[in-house]
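What follows is the content of model_38.json (JSON, C-alpha atoms).
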[["chain", "number", "residue", "atom", "x", "y", "z"],
["A", 1, "MET", "CA", 0.00, 0.00, 0.00],
["A", 2, "ASN", "CA", 1.30, 3.45, -0.88],
["A", 3, "ALA", "CA", 2.44, 5.05, 2.40],
["A", 4, "GLY", "CA", 1.77, 8.59, 1.11],
["A", 5, "LEU", "CA", -1.81, 7.64, 0.23],
["A", 6, "VAL", "CA", -2.35, 6.11, 3.67],
["A", 7, "GLU", "CA", -0.92, 9.16, 5.46],
["A", 8, "SER", "CA", -2.97, 11.57, 3.33],
["A", 9, "TRP", "CA", -6.16, 9.63, 4.03],
["A", 10, "GLN", "CA", -5.45, 9.48, 7.77],
["A", 11, "ALA", "CA", -4.81, 13.24, 7.89],
["A", 12, "HIS", "CA", -8.04, 13.92, 5.96],
["A", 13, "PHE", "CA", -10.02, 11.53, 8.17],
["A", 14, "LYS", "CA", -8.81, 13.27, 11.35],
["A", 15, "LYS", "CA", -9.29, 16.77, 9.90],
["A", 16, "MET", "CA", -12.92, 15.98, 9.04],
["A", 17, "GLY", "CA", -13.54, 14.96, 12.66],
["A", 18, "ALA", "CA", -14.59, 11.47, 11.61],
["A", 19, "LYS", "CA", -15.04, 9.03, 14.42],
["A", 20, "SER", "CA", -14.23, 5.39, 14.81],
["A", 21, "LEU", "CA", -16.96, 2.93, 13.86],
["A", 22, "ALA", "CA", -17.10, -0.85, 14.12],
["A", 23, "VAL", "CA", -15.45, -1.26, 10.71],
["A", 24, "VAL", "CA", -13.38, 1.95, 10.67],
["A", 25, "GLY", "CA", -10.55, 2.68, 13.09],
["A", 26, "SER", "CA", -9.89, 6.11, 14.59],
["A", 27, "ASP", "CA", -7.23, 6.66, 11.90],
["A", 28, "GLY", "CA", -9.69, 5.92, 9.09],
["A", 29, "SER", "CA", -8.35, 2.45, 8.30],
["A", 30, "LEU", "CA", -10.80, -0.37, 7.61],
["A", 31, "ASN", "CA", -10.97, -2.93, 10.40],
["A", 32, "ILE", "CA", -11.57, -5.82, 8.04],
["A", 33, "PRO", "CA", -9.26, -8.59, 6.86],
["A", 34, "TRP", "CA", -7.71, -8.20, 3.42],
["A", 35, "PRO", "CA", -9.84, -10.05, 0.83],
["A", 36, "THR", "CA", -8.67, -13.53, -0.14],
["A", 37, "THR", "CA", -9.09, -15.75, -3.16],
["A", 38, "GLU", "CA", -10.95, -19.07, -3.04],
["A", 39, "ASP", "CA", -7.72, -20.86, -2.19],
["A", 40, "GLY", "CA", -7.04, -18.54, 0.75],
["A", 41, "ALA", "CA", -4.29, -16.44, -0.81],
["A", 42, "SER", "CA", -4.38, -12.66, -0.44],
["A", 43, "ALA", "CA", -6.32, -11.09, -3.28],
["A", 44, "ASP", "CA", -4.21, -9.10, -5.74],
["A", 45, "PHE", "CA", -5.74, -5.64, -5.25],
["A", 46, "ASP", "CA", -3.97, -2.32, -4.91],
["A", 47, "LEU", "CA", -6.81, -0.75, -2.98],
["A", 48, "VAL", "CA", -10.12, -1.63, -1.32],
["A", 49, "LEU", "CA", -12.77, 1.10, -1.36],
["A", 50, "ALA", "CA", -15.55, 1.37, 1.19],
["A", 51, "THR", "CA", -18.49, 3.76, 1.20],
["A", 52, "ALA", "CA", -20.46, 5.32, 4.03],
["A", 53, "THR", "CA", -23.93, 3.88, 4.41],
["A", 54, "VAL", "CA", -25.23, 6.47, 6.87],
["A", 55, "PRO", "CA", -25.70, 9.90, 5.29],
["A", 56, "GLU", "CA", -24.51, 13.04, 7.01],
["A", 57, "ASN", "CA", -27.27, 15.17, 8.52],
["A", 58, "VAL", "CA", -25.67, 18.45, 7.50],
["A", 59, "LYS", "CA", -26.52, 19.53, 3.98],
["A", 60, "PRO", "CA", -24.48, 22.27, 2.34],
["A", 61, "SER", "CA", -26.18, 25.63, 1.91],
["A", 62, "PRO", "CA", -26.89, 26.96, -1.59],
["A", 63, "GLU", "CA", -24.09, 29.50, -1.01],
["A", 64, "ALA", "CA", -21.62, 26.73, -0.08],
["A", 65, "VAL", "CA", -22.55, 24.78, -3.24],
["A", 66, "ALA", "CA", -22.15, 27.86, -5.43],
["A", 67, "ARG", "CA", -18.85, 28.87, -3.81],
["A", 68, "ALA", "CA", -17.49, 25.34, -4.31],
["A", 69, "MET", "CA", -18.27, 25.57, -8.02],
["A", 70, "LEU", "CA", -16.75, 29.06, -8.24],
["A", 71, "CYS", "CA", -13.55, 27.99, -6.48],
["A", 72, "GLN", "CA", -12.65, 25.18, -8.86],
["A", 73, "ALA", "CA", -11.44, 24.89, -12.43],
["A", 74, "ASP", "CA", -11.73, 21.15, -12.98],
["A", 75, "GLY", "CA", -15.13, 20.97, -14.66],
["A", 76, "HIS", "CA", -17.09, 20.02, -11.55],
["A", 77, "GLU", "CA", -19.84, 22.44, -12.57],
["A", 78, "ASN", "CA", -20.81, 19.82, -15.17],
["A", 79, "TYR", "CA", -22.69, 17.79, -12.56],
["A", 80, "PHE", "CA", -24.96, 20.74, -11.75],
["A", 81, "LEU", "CA", -25.36, 21.79, -15.38],
["A", 82, "ASN", "CA", -26.12, 18.25, -16.59],
["A", 83, "ASN", "CA", -28.77, 17.93, -13.89],
["A", 84, "VAL", "CA", -30.35, 21.14, -15.18],
["A", 85, "LEU", "CA", -30.25, 19.86, -18.78],
["A", 86, "ASN", "CA", -31.93, 16.62, -17.72],
["A", 87, "GLY", "CA", -34.68, 18.28, -15.69],
["A", 88, "ILE", "CA", -33.19, 17.35, -12.32],
["A", 89, "ARG", "CA", -33.78, 20.48, -10.27],
["A", 90, "THR", "CA", -33.78, 21.49, -6.62],
["A", 91, "ALA", "CA", -35.49, 24.34, -4.83],
["A", 92, "ALA", "CA", -32.05, 25.91, -4.31],
["A", 93, "ASP", "CA", -30.99, 25.99, -7.98],
["A", 94, "ASP", "CA", -32.07, 29.61, -8.55],
["A", 95, "GLU", "CA", -30.14, 30.81, -5.50],
["A", 96, "ILE", "CA", -27.10, 28.74, -6.48],
["A", 97, "PHE", "CA", -27.18, 30.11, -10.03],
["A", 98, "THR", "CA", -27.59, 33.72, -8.87],
["A", 99, "ILE", "CA", -24.45, 33.43, -6.73],
["A", 100, "ILE", "CA", -22.55, 31.71, -9.54],
["A", 101, "GLU", "CA", -23.62, 34.35, -12.03],
["A", 102, "ARG", "CA", -22.38, 37.12, -9.73],
["A", 103, "GLY", "CA", -19.04, 35.31, -9.52],
["A", 104, "SER", "CA", -18.80, 35.30, -13.32],
["A", 105, "PRO", "CA", -16.71, 32.14, -13.81],
["A", 106, "ASN", "CA", -15.25, 31.53, -17.29],
["A", 107, "TRP", "CA", -17.34, 28.40, -17.79],
["A", 108, "ILE", "CA", -20.63, 30.30, -17.49],
["A", 109, "SER", "CA", -20.19, 31.68, -21.03],
["A", 110, "ALA", "CA", -18.73, 28.53, -22.60],
["A", 111, "ASP", "CA", -20.63, 27.29, -25.67],
["A", 112, "GLU", "CA", -21.04, 23.79, -24.22],
["A", 113, "ASN", "CA", -22.93, 25.25, -21.23],
["A", 114, "ARG", "CA", -25.20, 27.56, -23.25],
["A", 115, "ASP", "CA", -28.34, 25.39, -23.04],
["A", 116, "ALA", "CA", -28.12, 24.77, -19.29],
["A", 117, "ILE", "CA", -27.45, 28.45, -18.59],
["A", 118, "ALA", "CA", -30.44, 29.42, -20.76],
["A", 119, "ILE", "CA", -32.68, 27.05, -18.76],
["A", 120, "LEU", "CA", -31.44, 28.54, -15.48],
["A", 121, "LYS", "CA", -32.02, 32.11, -16.71],
["A", 122, "ALA", "CA", -35.48, 31.26, -18.06],
["A", 123, "ALA", "CA", -36.49, 29.61, -14.79],
["A", 124, "ARG", "CA", -35.39, 32.65, -12.83],
["A", 125, "SER", "CA", -37.30, 35.09, -15.07],
["A", 126, "PHE", "CA", -40.37, 32.83, -14.98],
["A", 127, "ALA", "CA", -40.33, 32.82, -11.17],
["A", 128, "LYS", "CA", -40.41, 36.64, -11.01]]
As structure tokens:
Amino acid sequence: MNAGLVESWQAHFKKMGAKSLAVVGSDGSLNIPWPTTEDGASADFDLVLATATVPENVKPSPEAVARAMLCQADGHENYFLNNVLNGIRTAADDEIFTIIERGSPNWISADENRDAIAILKAARSFAK
């Protein structure tokens, strides 16, 4: 296992204030045996991923969502914009879009985002 990856995960786990659970140690490591093959040998994996099954109770505010999109340049706005294009909307979308629009990110005027932005603008003017 890559020591740098392990140390980075442990630091992140502690920073987030995560707590130990039955299957997760206080350092974020899984308290499960390494998977084995049918003959009992250790499975040849580089990494085992686990997901949380209990959702967090704290939901980000519309401002936090908008700020997260404004503070990145890796295309993560595509999730939001694709939801808009596919009719997947939330009650907070107008507020999120208003904050984003004020921030004037480069991607807001990109040709590939034109249709989603038009939907967001039309929804806002319709609501007035």
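For Trp34 (chain A), the residues within 9 Å (counting all atoms listed in the file, excluding itself and residues fewer than 4 positions away along the chain) are Ser42, Ala43 and Val48 of chain A.
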>> So that I can see what lies close to region 65-73 of chain A, please list as a list in words the residues with an atom at most 9 Å from it, counting only C-alpha atoms and leaving out residues fewer than 4 positions away in the same chain.
In response: Pro60, Ser61, Glu77, Glu95, Ile96, Phe97, Thr98, Ile99, Ile100, Gly103, Ser104, Pro105 and Trp107 of chain A
> Using all atoms listed in the file, which of the listed residues (A:Ile88, A:Asp44, A:Glu38, A:Gln10) sits closest to Gly25 (chain A)?
Replying inline: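 Going through A:Ile88, A:Asp44, A:Glu38, A:Gln10 one by one, the smallest distance to Gly25 (chain A) is for A:Gln10.
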> From the list A:Ala92, A:Ala3, A:Ala123, A:Ala50, which residue is nearest Val23 (chain A) when using all atoms listed in the file?
Replying inline: A:Ala50
>> When you look at Lys15 (chain A) with a cut-off of 12 Å (counting only C-alpha atoms), what residues show up, excluding the ones that are within fewer than 5 positions of it in the same chain? I need them as a PyMOL selection string.
In response: chain A and resi 8-10+26-28
Kindly save the residues from that selection, with C-alpha atoms included, as an mmCIF file, keeping the file's coordinate frame.
data_model
loop_
_atom_site.group_PDB
_atom_site.id
_atom_site.type_symbol
_atom_site.label_atom_id
_atom_site.label_comp_id
_atom_site.auth_asym_id
_atom_site.auth_seq_id
_atom_site.Cartn_x
_atom_site.Cartn_y
_atom_site.Cartn_z
ATOM 1 C CA SER A 8 -2.970 11.570 3.330
ATOM 2 C CA TRP A 9 -6.160 9.630 4.030
ATOM 3 C CA GLN A 10 -5.450 9.480 7.770
ATOM 4 C CA SER A 26 -9.890 6.110 14.590
ATOM 5 C CA ASP A 27 -7.230 6.660 11.900
ATOM 6 C CA GLY A 28 -9.690 5.920 9.090
#
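Here CA of Asn83 (chain A) stands at a distance of 17.0 Å from CA of Ala110 (chain A).
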> By how many Å are CA of Thr90 (chain A) and CA of Pro62 (chain A) apart?
Replying inline: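 Value for the CA of Thr90 (chain A)-CA of Pro62 (chain A) distance: 10.1 Å.
Distance-wise, CA of Ala64 (chain A) and CA of Arg114 (chain A) end up 23.5 Å apart.
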>> So, with only C-alpha atoms as the atoms that count, which of A:Thr53, A:Thr37, A:Asn106, A:Ser29 lies closest to Glu7 (chain A)?
In response: A:Ser29
Could you give me the centre and size, in Å to one decimal, of an axis-aligned box around all listed atoms of region 4-12 of chain A with 6 Å added on every side, as JSON?
{"center_x": -3.1, "center_y": 10.0, "center_z": 4.1, "size_x": 21.8, "size_y": 19.8, "size_z": 19.7}
